[in-house]
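One structure below.
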Amino acid sequence: MTRPATIGELRAAGYPDRTVKEELRANLLARLSSGGTLFPGIVGFEESVLPTLERGILAGHDLILLGERGQAKTRLIRRLVDLLDEEVPAIAGCEVNDHPYRPICARCRHLLAEELIDRDRIGASAFQERASDLAGRDIRQ
């Protein structure tokens with residue numbers, strides 16, 4: 001399957017416009033329904049911390065992890081990344097990898113304002129690997 005090359009193709013392909021919280025929730029629900037392991041490597045918190053974390057993600061809450069040293073806070077955060085989509089689209093040539101539907105940098109907002117009539121022609125095919133590389137390196141451009 002080829003990746004969409006423009007914002008118009010991305011919309012036509014049905015790529016959802018959702019926030020990170022919505023993405024986490026949807027992927028958590030999918031993982032729960034498939035019976036997959038949610039947080040591998042987290043031992044001893046199955047009855048206390050993990051259910052609370054799951055409820056917080058499902059409710060769309062902001063999360064703050066507090067605890068003593070050695071309570072697996074960092075390990076848990078590293079496992080949360082597994083609930084994100086592996087790749088996300090970004091506006092081609094953007095330094096901060098702006099989302100094609102909701103750009104935040106001045107360059108991309110200006111580009112969309114200039115191309116208001118033909119905004120669907122703006123390149124959006126710079127898909128970024130997100131889960132495996134938090135820096136978001138380009139895999140196509």
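In the structure tokens, chains take letters A, B, ... by order of appearance, with residues numbered from 1 within each chain and ligands from 1 in the order shown.
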
Return as JSON lines the residues of segment 31-96 of chain A lying at most 10 Å from segment 7-25 of chain A, together with the closest atom-to-atom pair for each and the distance in Å to one decimal, counting only C-alpha atoms, with rows in chain order and ascending residue number.
```
{"residue": "A:Arg31", "atom": "CA", "partner": "A:Arg25", "partner_atom": "CA", "distance": 9.8}
{"residue": "A:Glu54", "atom": "CA", "partner": "A:Arg25", "partner_atom": "CA", "distance": 8.8}
{"residue": "A:Arg55", "atom": "CA", "partner": "A:Arg25", "partner_atom": "CA", "distance": 9.6}
{"residue": "A:Gly56", "atom": "CA", "partner": "A:Arg25", "partner_atom": "CA", "distance": 9.3}
{"residue": "A:Ile57", "atom": "CA", "partner": "A:Arg25", "partner_atom": "CA", "distance": 5.8}
{"residue": "A:Leu58", "atom": "CA", "partner": "A:Arg25", "partner_atom": "CA", "distance": 5.2}
{"residue": "A:Ala59", "atom": "CA", "partner": "A:Arg25", "partner_atom": "CA", "distance": 8.0}
{"residue": "A:Gly60", "atom": "CA", "partner": "A:Lys21", "partner_atom": "CA", "distance": 5.8}
{"residue": "A:His61", "atom": "CA", "partner": "A:Lys21", "partner_atom": "CA", "distance": 8.0}
{"residue": "A:Asp62", "atom": "CA", "partner": "A:Lys21", "partner_atom": "CA", "distance": 8.6}
{"residue": "A:Leu80", "atom": "CA", "partner": "A:Leu24", "partner_atom": "CA", "distance": 8.3}
{"residue": "A:Val81", "atom": "CA", "partner": "A:Leu24", "partner_atom": "CA", "distance": 8.8}
{"residue": "A:Asp82", "atom": "CA", "partner": "A:Leu24", "partner_atom": "CA", "distance": 9.1}
{"residue": "A:Leu83", "atom": "CA", "partner": "A:Leu24", "partner_atom": "CA", "distance": 5.5}
{"residue": "A:Leu84", "atom": "CA", "partner": "A:Leu24", "partner_atom": "CA", "distance": 5.8}
{"residue": "A:Asp85", "atom": "CA", "partner": "A:Glu23", "partner_atom": "CA", "distance": 7.4}
{"residue": "A:Val88", "atom": "CA", "partner": "A:Tyr15", "partner_atom": "CA", "distance": 9.7}
{"residue": "A:Pro89", "atom": "CA", "partner": "A:Leu10", "partner_atom": "CA", "distance": 8.6}
{"residue": "A:Ala90", "atom": "CA", "partner": "A:Ile7", "partner_atom": "CA", "distance": 9.5}
{"residue": "A:Ile91", "atom": "CA", "partner": "A:Ile7", "partner_atom": "CA", "distance": 8.3}
```

DSSP on the backbone: which residues in segment 5-119 of chain A end up as alpha helix (DSSP H)? Give the answer as a PyMOL selection string. chain A and resi 7-12+20-34+49-59+73-80+106-114

File dump, residues just selected, C-alpha atoms, as a PDB file, in the first residue's frame:
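Just written: again18.pdb:
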```
ATOM      1  CA  ILE A   7      -3.222  16.269   2.646  1.00  0.00           C
ATOM      2  CA  GLY A   8      -6.073  15.610   0.209  1.00  0.00           C
ATOM      3  CA  GLU A   9      -4.970  12.010  -0.282  1.00  0.00           C
ATOM      4  CA  LEU A  10      -4.562  11.635   3.478  1.00  0.00           C
ATOM      5  CA  ARG A  11      -8.157  12.782   4.038  1.00  0.00           C
ATOM      6  CA  ALA A  12      -9.412  10.557   1.200  1.00  0.00           C
ATOM      7  CA  VAL A  20      -2.686  11.790  21.391  1.00  0.00           C
ATOM      8  CA  LYS A  21      -5.121  11.034  24.234  1.00  0.00           C
ATOM      9  CA  GLU A  22      -7.684   9.722  21.741  1.00  0.00           C
ATOM     10  CA  GLU A  23      -4.980   7.661  20.037  1.00  0.00           C
ATOM     11  CA  LEU A  24      -3.837   6.172  23.352  1.00  0.00           C
ATOM     12  CA  ARG A  25      -7.442   5.358  24.269  1.00  0.00           C
ATOM     13  CA  ALA A  26      -8.255   3.717  20.932  1.00  0.00           C
ATOM     14  CA  ASN A  27      -5.069   1.653  20.930  1.00  0.00           C
ATOM     15  CA  LEU A  28      -5.584   0.637  24.582  1.00  0.00           C
ATOM     16  CA  LEU A  29      -9.123  -0.510  23.801  1.00  0.00           C
ATOM     17  CA  ALA A  30      -7.838  -2.502  20.818  1.00  0.00           C
ATOM     18  CA  ARG A  31      -5.142  -4.114  22.946  1.00  0.00           C
ATOM     19  CA  LEU A  32      -7.623  -4.919  25.738  1.00  0.00           C
ATOM     20  CA  SER A  33     -10.078  -6.498  23.299  1.00  0.00           C
ATOM     21  CA  SER A  34      -7.357  -8.601  21.674  1.00  0.00           C
ATOM     22  CA  VAL A  49      -1.219   0.881  39.531  1.00  0.00           C
ATOM     23  CA  LEU A  50      -1.993  -0.679  36.147  1.00  0.00           C
ATOM     24  CA  PRO A  51      -5.813  -0.697  36.482  1.00  0.00           C
ATOM     25  CA  THR A  52      -5.707   2.920  37.656  1.00  0.00           C
ATOM     26  CA  LEU A  53      -3.503   3.874  34.710  1.00  0.00           C
ATOM     27  CA  GLU A  54      -5.833   2.069  32.285  1.00  0.00           C
ATOM     28  CA  ARG A  55      -8.864   3.917  33.696  1.00  0.00           C
ATOM     29  CA  GLY A  56      -7.031   7.226  33.420  1.00  0.00           C
ATOM     30  CA  ILE A  57      -6.147   6.616  29.766  1.00  0.00           C
ATOM     31  CA  LEU A  58      -9.670   5.432  28.939  1.00  0.00           C
ATOM     32  CA  ALA A  59     -11.138   8.540  30.588  1.00  0.00           C
ATOM     33  CA  LYS A  73       7.632   5.097  36.943  1.00  0.00           C
ATOM     34  CA  THR A  74      10.138   5.452  34.098  1.00  0.00           C
ATOM     35  CA  ARG A  75       9.622   1.877  32.946  1.00  0.00           C
ATOM     36  CA  LEU A  76       5.867   2.463  32.833  1.00  0.00           C
ATOM     37  CA  ILE A  77       6.222   5.647  30.779  1.00  0.00           C
ATOM     38  CA  ARG A  78       8.482   3.819  28.341  1.00  0.00           C
ATOM     39  CA  ARG A  79       5.796   1.159  27.923  1.00  0.00           C
ATOM     40  CA  LEU A  80       3.070   3.772  27.289  1.00  0.00           C
ATOM     41  CA  ALA A 106       4.448  29.554  11.636  1.00  0.00           C
ATOM     42  CA  ARG A 107       5.848  28.167   8.372  1.00  0.00           C
ATOM     43  CA  CYS A 108       3.200  25.466   8.040  1.00  0.00           C
ATOM     44  CA  ARG A 109       0.328  27.713   9.136  1.00  0.00           C
ATOM     45  CA  HIS A 110       1.465  30.296   6.560  1.00  0.00           C
ATOM     46  CA  LEU A 111       1.759  27.576   3.921  1.00  0.00           C
ATOM     47  CA  LEU A 112      -1.789  26.420   4.620  1.00  0.00           C
ATOM     48  CA  ALA A 113      -3.102  30.008   4.643  1.00  0.00           C
ATOM     49  CA  GLU A 114      -1.447  30.719   1.264  1.00  0.00           C
TER      50      GLU A 114
END
```

I'd like to know which residues of chain A are strand (DSSP E) (by DSSP, run on the backbone); could you write them as a VMD selection string? chain A and resid 87 to 88 128 to 129

What does the file look like for those residues with N, CA and C atoms, as a short mmCIF file (atom, residue, chain, number, x, y, z; two decimals), in the first residue's frame?
```
data_model
loop_
_atom_site.label_atom_id
_atom_site.label_comp_id
_atom_site.auth_asym_id
_atom_site.auth_seq_id
_atom_site.Cartn_x
_atom_site.Cartn_y
_atom_site.Cartn_z
N GLU A 87 3.52 4.98 13.13
CA GLU A 87 3.87 6.07 12.22
C GLU A 87 2.77 7.11 12.24
N VAL A 88 3.16 8.35 12.07
CA VAL A 88 2.20 9.45 11.97
C VAL A 88 2.61 10.34 10.81
N GLN A 128 6.41 9.72 9.96
CA GLN A 128 7.43 9.64 11.00
C GLN A 128 7.22 8.37 11.81
N GLU A 129 8.31 7.68 12.12
CA GLU A 129 8.22 6.57 13.07
C GLU A 129 8.15 7.19 14.44
#
```

Please indicate the distance in Å from atom CA of Pro4 of chain A to atom CA of Pro103 of chain A, rounded to one decimal place. 17.5 Å

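Residues in contact with Cys105 of chain A at up to 9 Å, not including ones fewer than 6 positions away on its chain and judged by only C-alpha atoms, are Cys94, Glu95, Val96 and Asp98 of chain A.
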